[in-house]
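Below is query-v5.cif, which holds mmCIF, C-alpha atoms and all ligand atoms.
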data_final
loop_
_atom_site.label_atom_id
_atom_site.label_comp_id
_atom_site.auth_asym_id
_atom_site.auth_seq_id
_atom_site.Cartn_x
_atom_site.Cartn_y
_atom_site.Cartn_z
CA MET A 92 82.68 -28.32 10.27
CA SER A 93 80.93 -31.14 8.45
CA ALA A 94 78.48 -29.37 6.14
CA HIS A 95 80.80 -29.76 3.16
CA LEU A 96 81.66 -33.41 3.81
CA PRO A 97 80.25 -36.05 1.46
CA HIS A 98 77.66 -38.63 2.46
CA LEU A 99 79.49 -41.93 2.11
CA GLY A 100 76.51 -44.14 2.87
CA SER A 101 76.69 -47.48 4.69
CA GLY A 102 80.11 -49.06 5.08
CA LEU A 103 82.04 -51.93 6.60
CA GLY A 104 85.27 -52.19 8.55
CA TYR A 105 87.73 -53.89 6.19
CA ARG A 106 89.17 -57.14 7.52
CA ARG A 107 91.00 -59.79 5.49
CA GLU A 108 88.38 -62.38 6.44
CA LEU A 109 85.70 -60.22 4.80
CA ALA A 110 87.64 -59.43 1.61
CA ASP A 111 86.08 -62.16 -0.55
CA GLY A 112 82.57 -61.22 0.54
CA ILE A 113 83.20 -57.55 -0.15
CA ALA A 114 84.62 -58.31 -3.60
CA ALA A 115 81.68 -60.55 -4.48
CA SER A 116 79.00 -58.23 -3.16
CA GLY A 117 79.17 -55.65 -5.95
CA THR A 118 77.75 -52.35 -4.73
CA ALA A 119 76.34 -53.70 -1.44
CA VAL A 120 79.08 -52.00 0.62
CA ASP A 121 79.21 -48.24 0.02
CA TRP A 122 82.61 -47.57 1.60
CA LEU A 123 85.33 -49.16 3.72
CA GLU A 124 87.10 -48.16 6.90
CA VAL A 125 90.72 -49.34 7.05
CA ILE A 126 92.96 -49.55 10.11
CA THR A 127 95.50 -46.74 9.79
CA GLU A 128 98.40 -48.62 11.37
CA HIS A 129 98.06 -51.52 8.94
CA TYR A 130 99.19 -49.20 6.15
CA LEU A 131 101.47 -46.57 7.71
CA PHE A 132 105.12 -47.41 7.05
CA ALA A 133 103.90 -50.52 5.20
CA PRO A 134 105.84 -52.29 2.44
CA ALA A 135 105.10 -51.45 -1.18
CA ASP A 136 102.89 -54.48 -1.81
CA THR A 137 100.66 -53.59 1.15
CA ARG A 138 100.26 -50.04 -0.11
CA GLN A 139 99.51 -51.42 -3.57
CA ALA A 140 96.78 -53.60 -2.04
CA LEU A 141 95.36 -50.46 -0.43
CA ARG A 142 95.29 -48.66 -3.77
CA GLU A 143 93.43 -51.61 -5.29
CA LEU A 144 90.92 -51.43 -2.45
CA ARG A 145 90.53 -47.71 -3.15
CA SER A 146 89.73 -48.41 -6.79
CA GLY A 147 86.53 -50.14 -5.64
CA HIS A 148 85.41 -48.12 -2.63
CA PRO A 149 85.91 -44.78 -0.85
CA LEU A 150 88.24 -45.39 2.10
CA VAL A 151 88.57 -43.75 5.53
CA PRO A 152 91.55 -44.50 7.81
CA HIS A 153 90.67 -45.37 11.41
CA GLY A 154 93.61 -45.10 13.80
CA LEU A 155 94.46 -46.78 17.09
CA GLU A 156 97.76 -45.17 18.00
CA LEU A 157 97.35 -41.40 17.83
CA SER A 158 96.96 -41.47 21.63
CA LEU A 159 95.69 -37.91 21.94
CA GLY A 160 95.49 -38.25 25.73
CA SER A 161 99.22 -38.94 26.19
CA PRO A 162 101.34 -36.29 27.88
CA ARG A 163 103.48 -36.00 24.76
CA PRO A 164 102.03 -34.85 21.44
CA PRO A 165 101.80 -37.46 18.67
CA ASP A 166 105.06 -38.43 16.95
CA PRO A 167 105.59 -36.01 14.02
CA ARG A 168 106.69 -38.94 11.82
CA TYR A 169 103.35 -40.66 12.49
CA VAL A 170 101.39 -37.50 11.67
CA THR A 171 103.38 -36.89 8.45
CA ALA A 172 102.82 -40.48 7.32
CA LEU A 173 99.13 -40.20 8.22
CA ALA A 174 98.80 -37.05 6.11
CA GLU A 175 100.43 -38.86 3.17
CA LEU A 176 98.10 -41.83 3.59
CA VAL A 177 95.00 -39.59 3.72
CA GLN A 178 96.16 -37.79 0.60
CA GLU A 179 96.98 -41.00 -1.27
CA ILE A 180 93.54 -42.53 -0.73
CA GLU A 181 91.71 -39.18 -0.95
CA ALA A 182 90.00 -39.77 2.39
CA PRO A 183 87.35 -37.15 3.21
CA TRP A 184 88.18 -37.47 6.93
CA PHE A 185 90.11 -39.74 9.32
CA SER A 186 89.37 -40.99 12.81
CA ASP A 187 90.91 -42.06 16.09
CA HIS A 188 89.79 -42.41 19.70
CA LEU A 189 89.25 -40.24 22.78
CA CYS A 190 91.74 -42.16 24.87
CA PHE A 191 95.42 -42.86 25.37
CA THR A 192 97.33 -45.91 24.18
CA ARG A 193 100.78 -44.75 25.23
CA SER A 194 102.15 -43.39 28.50
CA ASP A 195 105.21 -41.35 27.60
CA THR A 196 107.23 -43.89 25.59
CA VAL A 197 105.52 -47.04 26.93
CA SER A 198 102.74 -48.57 24.82
CA VAL A 199 99.72 -49.53 26.92
CA GLY A 200 98.48 -51.81 24.15
CA THR A 201 94.80 -50.97 24.50
CA LEU A 202 92.41 -48.04 24.21
CA THR A 203 92.56 -46.62 27.74
CA PRO A 204 90.07 -44.10 29.15
CA LEU A 205 91.22 -40.64 30.22
CA PRO A 206 90.63 -38.80 33.48
CA ARG A 207 87.58 -36.69 32.65
CA SER A 208 88.60 -33.20 33.71
CA ARG A 209 88.32 -29.91 31.82
CA ALA A 210 92.12 -29.61 31.74
CA VAL A 211 92.53 -33.04 30.11
CA ALA A 212 89.72 -32.30 27.65
CA ARG A 213 91.42 -29.06 26.60
CA ASP A 214 94.80 -30.80 26.19
CA VAL A 215 93.20 -33.47 24.01
CA ALA A 216 91.39 -30.81 21.98
CA ARG A 217 94.59 -28.87 21.42
CA ARG A 218 96.49 -31.95 20.20
CA ALA A 219 93.57 -33.07 18.03
CA GLN A 220 93.31 -29.63 16.43
CA ARG A 221 97.03 -29.62 15.66
CA VAL A 222 96.85 -33.06 14.01
CA GLN A 223 93.77 -32.06 12.02
CA ASP A 224 95.51 -28.90 10.82
CA GLU A 225 98.60 -30.88 9.75
CA VAL A 226 96.67 -33.63 7.97
CA GLY A 227 94.36 -31.18 6.21
CA VAL A 228 91.00 -32.99 6.44
CA PRO A 229 88.68 -33.37 9.45
CA LEU A 230 89.71 -35.61 12.34
CA ILE A 231 86.73 -37.27 14.01
CA LEU A 232 87.05 -38.63 17.54
CA GLU A 233 85.43 -41.82 18.80
CA ASN A 234 83.95 -42.58 22.23
CA ILE A 235 85.42 -45.78 23.71
CA THR A 236 84.14 -48.32 26.24
CA TYR A 237 85.62 -48.51 29.74
CA HIS A 238 85.09 -51.01 32.50
CA ILE A 239 86.42 -49.18 35.55
CA ASP A 240 84.96 -45.75 36.14
CA LEU A 241 87.00 -43.82 38.69
CA PRO A 242 85.48 -40.66 40.20
CA ASN A 243 85.74 -37.89 37.60
CA PRO A 244 84.71 -34.22 37.61
CA LEU A 245 82.89 -34.59 34.28
CA SER A 246 80.46 -37.17 32.98
CA GLU A 247 81.45 -38.95 29.77
CA ALA A 248 79.12 -36.74 27.72
CA GLU A 249 80.33 -33.55 29.43
CA PHE A 250 83.93 -34.54 28.70
CA ILE A 251 83.16 -35.09 25.00
CA ALA A 252 81.33 -31.76 24.85
CA GLU A 253 84.31 -30.03 26.49
CA VAL A 254 86.71 -31.51 23.92
CA MET A 255 84.45 -30.39 21.08
CA GLU A 256 84.15 -26.92 22.62
CA HIS A 257 87.89 -26.41 22.27
CA CYS A 258 88.61 -27.82 18.81
CA ALA A 259 87.03 -27.91 15.38
CA CYS A 260 87.15 -31.70 15.05
CA GLY A 261 84.15 -33.95 14.56
CA LEU A 262 82.68 -36.94 16.37
CA LEU A 263 82.63 -40.60 15.47
CA LEU A 264 79.82 -41.74 17.73
CA ASP A 265 80.07 -45.47 18.39
CA LEU A 266 76.46 -46.25 19.25
CA THR A 267 77.34 -49.71 20.53
CA ASN A 268 79.92 -48.22 22.88
CA LEU A 269 77.30 -45.71 24.03
CA ASP A 270 74.81 -48.51 24.67
CA ILE A 271 77.40 -50.61 26.52
CA ASN A 272 78.68 -47.75 28.70
CA SER A 273 75.16 -46.63 29.56
CA ARG A 274 74.32 -50.16 30.76
CA ASN A 275 77.59 -50.84 32.56
CA HIS A 276 77.74 -47.41 34.23
CA HIS A 277 74.02 -46.78 34.61
CA TYR A 278 73.48 -43.53 32.78
CA ASP A 279 70.73 -42.39 30.45
CA VAL A 280 71.46 -42.39 26.71
CA GLY A 281 68.94 -39.58 26.20
CA ASP A 282 70.85 -37.35 28.63
CA PHE A 283 74.08 -38.26 26.81
CA LEU A 284 72.67 -37.30 23.41
CA ASP A 285 71.26 -34.06 24.84
CA THR A 286 74.71 -33.11 26.21
CA ILE A 287 77.06 -33.75 23.29
CA PRO A 288 77.01 -31.41 20.26
CA LEU A 289 75.08 -33.60 17.81
CA GLU A 290 75.85 -31.29 14.90
CA ARG A 291 79.48 -32.44 15.18
CA VAL A 292 78.64 -36.12 14.58
CA VAL A 293 80.05 -37.12 11.20
CA GLN A 294 80.05 -40.91 11.39
CA VAL A 295 78.72 -43.71 13.58
CA HIS A 296 79.97 -47.19 14.42
CA LEU A 297 77.62 -50.14 14.84
CA ALA A 298 78.58 -53.55 16.24
CA GLY A 299 77.39 -56.39 18.40
CA GLY A 300 79.02 -57.61 21.58
CA THR A 301 78.68 -60.10 24.39
CA GLN A 302 77.50 -60.12 27.97
CA ASP A 303 79.31 -61.68 30.93
CA PRO A 304 77.37 -63.85 33.41
CA ASP A 305 77.40 -60.90 35.84
CA GLY A 306 75.67 -58.71 33.24
CA THR A 307 78.73 -56.71 32.16
CA ALA A 308 78.43 -55.82 28.46
CA ARG A 309 81.52 -56.09 26.25
CA ASP A 310 82.31 -54.55 22.88
CA THR A 311 83.65 -57.60 21.06
CA HIS A 312 82.50 -56.88 17.48
CA SER A 313 81.49 -60.53 17.29
CA ALA A 314 77.71 -60.53 16.90
CA PRO A 315 74.87 -58.87 15.01
CA VAL A 316 73.96 -55.31 15.99
CA PRO A 317 71.40 -55.51 18.84
CA GLU A 318 67.95 -53.92 18.55
CA ARG A 319 68.79 -51.32 21.21
CA VAL A 320 71.56 -49.97 18.98
CA TRP A 321 69.33 -49.89 15.91
CA GLY A 322 66.93 -47.81 18.01
CA LEU A 323 69.74 -45.40 18.87
CA LEU A 324 70.63 -45.08 15.19
CA ALA A 325 67.02 -44.21 14.35
CA GLU A 326 66.92 -41.61 17.13
CA LEU A 327 70.26 -40.08 16.15
CA SER A 328 69.46 -39.96 12.44
CA ALA A 329 66.36 -37.88 13.24
CA ARG A 330 68.55 -35.31 15.01
CA ALA A 331 71.90 -35.28 13.17
CA ASP A 332 73.16 -35.22 9.60
CA ILE A 333 75.06 -38.52 9.72
CA LYS A 334 77.53 -38.62 6.83
CA ALA A 335 78.34 -42.32 7.10
CA THR A 336 77.52 -45.46 9.06
CA LEU A 337 80.05 -48.23 9.60
CA LEU A 338 79.48 -51.84 10.62
CA GLU A 339 82.33 -53.31 12.70
CA ARG A 340 82.75 -57.08 12.66
CA ASP A 341 86.11 -58.45 13.83
CA GLN A 342 85.45 -62.06 14.84
CA ASP A 343 82.89 -64.87 14.67
CA PHE A 344 82.38 -63.96 11.03
CA PRO A 345 79.14 -65.37 9.56
CA GLU A 346 79.60 -67.98 6.83
CA ASP A 347 76.97 -66.25 4.75
CA PHE A 348 78.12 -62.73 3.79
CA THR A 349 74.49 -61.69 3.18
CA GLU A 350 74.14 -61.54 6.99
CA ILE A 351 76.65 -58.70 6.82
CA THR A 352 75.06 -56.97 3.83
CA ALA A 353 71.62 -57.21 5.47
CA GLU A 354 72.95 -55.14 8.38
CA ILE A 355 74.62 -52.69 6.00
CA ASP A 356 71.29 -52.33 4.15
CA ARG A 357 69.44 -51.80 7.42
CA ALA A 358 71.86 -49.04 8.47
CA ARG A 359 71.40 -47.30 5.11
CA ASP A 360 67.62 -47.58 5.35
CA THR A 361 67.56 -46.40 8.97
CA VAL A 362 69.55 -43.25 8.27
CA GLY A 363 67.63 -42.53 5.07
CA PRO A 364 68.04 -39.06 3.58
CA GLY A 365 68.75 -37.47 6.99
CA PRO A 366 66.71 -35.10 9.14
CA ALA A 367 64.85 -32.11 7.84
CA PRO A 368 66.83 -28.86 8.24
CA ALA A 369 64.42 -27.64 10.97
CA ALA A 370 65.09 -30.75 13.07
CA ARG A 371 68.83 -30.27 12.67
CA ARG A 372 68.52 -26.64 13.77
CA ALA A 373 66.53 -27.71 16.83
CA ALA A 374 69.30 -30.16 17.75
CA ALA A 375 72.06 -27.57 17.33
CA PRO A 376 73.58 -25.88 20.36
CA ALA A 377 73.15 -22.22 21.22
CA PRO A 378 75.09 -19.84 18.94
CA GLY A 379 78.69 -19.41 19.97
CA ARG A 380 79.11 -22.86 21.48
CA GLY A 381 82.21 -24.48 20.06
CA ARG A 382 84.88 -22.93 17.89
CA GLY A 383 84.12 -25.31 15.10
CA ALA A 384 80.37 -24.85 14.90
CA ARG A 385 79.41 -24.82 11.26
FE FE A 401 83.95 -48.36 17.25
#
Would you mind writing the structure in this file as structure tokens?
Ligand SMILES: [Fe+2]
Amino acid sequence: MSAHLPHLGSGLGYRRELADGIAASGTAVDWLEVITEHYLFAPADTRQALRELRSGHPLVPHGLELSLGSPRPPDPRYVTALAELVQEIEAPWFSDHLCFTRSDTVSVGTLTPLPRSRAVARDVARRAQRVQDEVGVPLILENITYHIDLPNPLSEAEFIAEVMEHCACGLLLDLTNLDINSRNHHYDVGDFLDTIPLERVVQVHLAGGTQDPDGTARDTHSAPVPERVWGLLAELSARADIKATLLERDQDFPEDFTEITAEIDRARDTVGPGPAPAARRAAAPAPGRGRGAR
């Protein structure tokens, strides 16, 4: 599903606190990810600011409120507005999370993990496919962190693979979330990468977090990307055709913006030109796996 998508390069999550640095950094930031809900149903001046942002960088909307795991399908007004936003900024794809943020009509207010069963995975896949079809460009789904892991029939990787099996959407693999979950829930990242369909990875997220005194890792987007995550990016880029990397920094912003651009440069250098076709074929699943296999 992603063969035709452009390579956007190495980007940054747009935050107001980073705007001056982005503007002053010339071509150091290849593209920007913007929070969908900041611009849906927004006043004219906010949409104008978005268009100005678009004049300098390719943009991709990253949503928080699609809530694909809710019992009800997404609000049609939200999906229509999302399609208009994607069209307005000419986004090559858009993203949201494998989670729910709303139970029926009640907002949970946070990205909440789903029960990992085949039935839930297929429901999520069906809703994701419908949204993708209505918006008209690929929807890529992100793995989240979770701190309580109730007994589930499927592992996290098996659940992701099951979702991908039943829709033609892509993956936004947050490598920091993968690192954090593997440490907090004691699973092997190699097994995870061997289980998910790597040919569906379109984009990655990179961030740095914190660690509680008891050793629990947290995804706070407040620190430089740790070496473990850079290692994961190197491993993944040898096995998948990553279209774009994205640095997430939401707090504890460095005073010197070159600390940000140094990480953006490192992500670009780590991914390089992508794997040789033979390596990508070796990483691909058996023929017939997944409706959306390219
Ligand atoms: Fe992320």
> Of the residues A:Thr127, A:Ser313, A:Asn243, A:Thr267, which is the one nearest to ligand FE 401 (chain A), using all atoms listed in the file?
Replying inline: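 Nearest to ligand FE 401 (chain A): A:Thr267.
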Sorted per-residue table, chain A near ligand FE 401 (chain A), closest atoms and distance, 8 Å, all atoms listed in the file, as a Markdown table:
| residue | atom | partner | partner_atom | distance |
| --- | --- | --- | --- | --- |
| A:Glu233 | CA | A:FE401 | FE | 6.9 |
| A:Asn234 | CA | A:FE401 | FE | 7.6 |
| A:Ile235 | CA | A:FE401 | FE | 7.1 |
| A:Leu264 | CA | A:FE401 | FE | 7.8 |
| A:Asp265 | CA | A:FE401 | FE | 5.0 |
| A:Thr267 | CA | A:FE401 | FE | 7.5 |
| A:Asn268 | CA | A:FE401 | FE | 6.9 |
| A:Val295 | CA | A:FE401 | FE | 7.9 |
| A:His296 | CA | A:FE401 | FE | 5.0 |
| A:Leu297 | CA | A:FE401 | FE | 7.0 |
| A:Ala298 | CA | A:FE401 | FE | 7.5 |
| A:Glu339 | CA | A:FE401 | FE | 6.9 |
> Looking at all atoms listed in the file, which of A:Leu338, A:Leu123, A:Leu284, A:Leu205 is the one that sits closest to Asp240 of chain A?
Replying inline: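 Of all the options, A:Leu205 lies closest to Asp240 of chain A.
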At a cut-off of 10 Å, using all atoms listed in the file, what residues contact segment 155-172 of chain A? Leave out same-chain residues fewer than 6 positions from it and give the result as a compact mmCIF listing (two decimals) with C-alpha atoms, in the frame of the given file.
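Final output, around01.txt:
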# COMPACT_ATOMS: atom_id res chain seq x y z
CA ILE A 126 92.96 -49.55 10.11
CA THR A 127 95.50 -46.74 9.79
CA GLU A 128 98.40 -48.62 11.37
CA TYR A 130 99.19 -49.20 6.15
CA LEU A 131 101.47 -46.57 7.71
CA PHE A 132 105.12 -47.41 7.05
CA GLN A 178 96.16 -37.79 0.60
CA SER A 186 89.37 -40.99 12.81
CA ASP A 187 90.91 -42.06 16.09
CA HIS A 188 89.79 -42.41 19.70
CA LEU A 189 89.25 -40.24 22.78
CA CYS A 190 91.74 -42.16 24.87
CA PHE A 191 95.42 -42.86 25.37
CA THR A 192 97.33 -45.91 24.18
CA ARG A 193 100.78 -44.75 25.23
CA SER A 194 102.15 -43.39 28.50
CA ASP A 195 105.21 -41.35 27.60
CA THR A 196 107.23 -43.89 25.59
CA SER A 198 102.74 -48.57 24.82
CA GLY A 200 98.48 -51.81 24.15
CA THR A 201 94.80 -50.97 24.50
CA LEU A 202 92.41 -48.04 24.21
CA THR A 203 92.56 -46.62 27.74
CA PRO A 204 90.07 -44.10 29.15
CA LEU A 205 91.22 -40.64 30.22
CA PRO A 206 90.63 -38.80 33.48
CA VAL A 211 92.53 -33.04 30.11
CA ALA A 212 89.72 -32.30 27.65
CA ASP A 214 94.80 -30.80 26.19
CA VAL A 215 93.20 -33.47 24.01
CA ALA A 216 91.39 -30.81 21.98
CA ARG A 217 94.59 -28.87 21.42
CA ARG A 218 96.49 -31.95 20.20
CA ALA A 219 93.57 -33.07 18.03
CA ARG A 221 97.03 -29.62 15.66
CA VAL A 222 96.85 -33.06 14.01
CA GLN A 223 93.77 -32.06 12.02
CA GLU A 225 98.60 -30.88 9.75
CA VAL A 226 96.67 -33.63 7.97
CA LEU A 232 87.05 -38.63 17.54
> Please, what distance in Å, to one decimal, runs between atom CA of Thr286 of chain A and atom CA of Asp310 of chain A?
Replying inline: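 Result for atom CA of Thr286 of chain A versus atom CA of Asp310 of chain A: 23.0 Å, one decimal.
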>> One number please: atom CA of Gly102 of chain A to atom CA of Gly300 of chain A, in Å, one decimal.
In response: 18.6 Å
>> What's the separation between atom CA of Val293 of chain A and atom CA of Ala329 of chain A, in Å to one decimal place?
In response: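 Straight-line distance from atom CA of Val293 of chain A to atom CA of Ala329 of chain A works out to 13.9 Å.
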>> So that I can see what lies close to Phe348 of chain A, please list as a ChimeraX atom specification the residues with an atom at most 9 Å from it, counting only C-alpha atoms and leaving out residues fewer than 2 positions away in the same chain.
In response: /A:109,112-113,116,344-346,350-353
>> I'd like to know which of A:Glu143, A:Glu179, A:Asp332, A:Asp121 is closest to Glu290 of chain A, using only C-alpha atoms.
In response: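 Between A:Glu143, A:Glu179, A:Asp332, A:Asp121, the residue approaching Glu290 of chain A most closely is A:Asp332.
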> Closest to Gly100 of chain A among A:Val120, A:Ile251, A:Val151, A:Ala325, using only C-alpha atoms?
Replying inline: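 Looking at the shortest contact to Gly100 of chain A, the residue is A:Val120.
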>> Please list, as a list in words, the residues that have an atom at most 7 Å away from (96.6, -35.8, 5.0) in the coordinates of this file, counting all atoms listed in the file.
In response: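 It turns out the residues near that spot are Leu173, Ala174, Glu175, Leu176, Val177, Gln178, Val226, Gly227 and Val228 of chain A.
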Export C-alpha atoms of the chosen residues as a PDB file, in the frame of the given file?
ATOM      1  CA  LEU A 173      99.130 -40.200   8.220  1.00  0.00           C
ATOM      2  CA  ALA A 174      98.800 -37.050   6.110  1.00  0.00           C
ATOM      3  CA  GLU A 175     100.430 -38.860   3.170  1.00  0.00           C
ATOM      4  CA  LEU A 176      98.100 -41.830   3.590  1.00  0.00           C
ATOM      5  CA  VAL A 177      95.000 -39.590   3.720  1.00  0.00           C
ATOM      6  CA  GLN A 178      96.160 -37.790   0.600  1.00  0.00           C
ATOM      7  CA  VAL A 226      96.670 -33.630   7.970  1.00  0.00           C
ATOM      8  CA  GLY A 227      94.360 -31.180   6.210  1.00  0.00           C
ATOM      9  CA  VAL A 228      91.000 -32.990   6.440  1.00  0.00           C
TER      10      VAL A 228
END
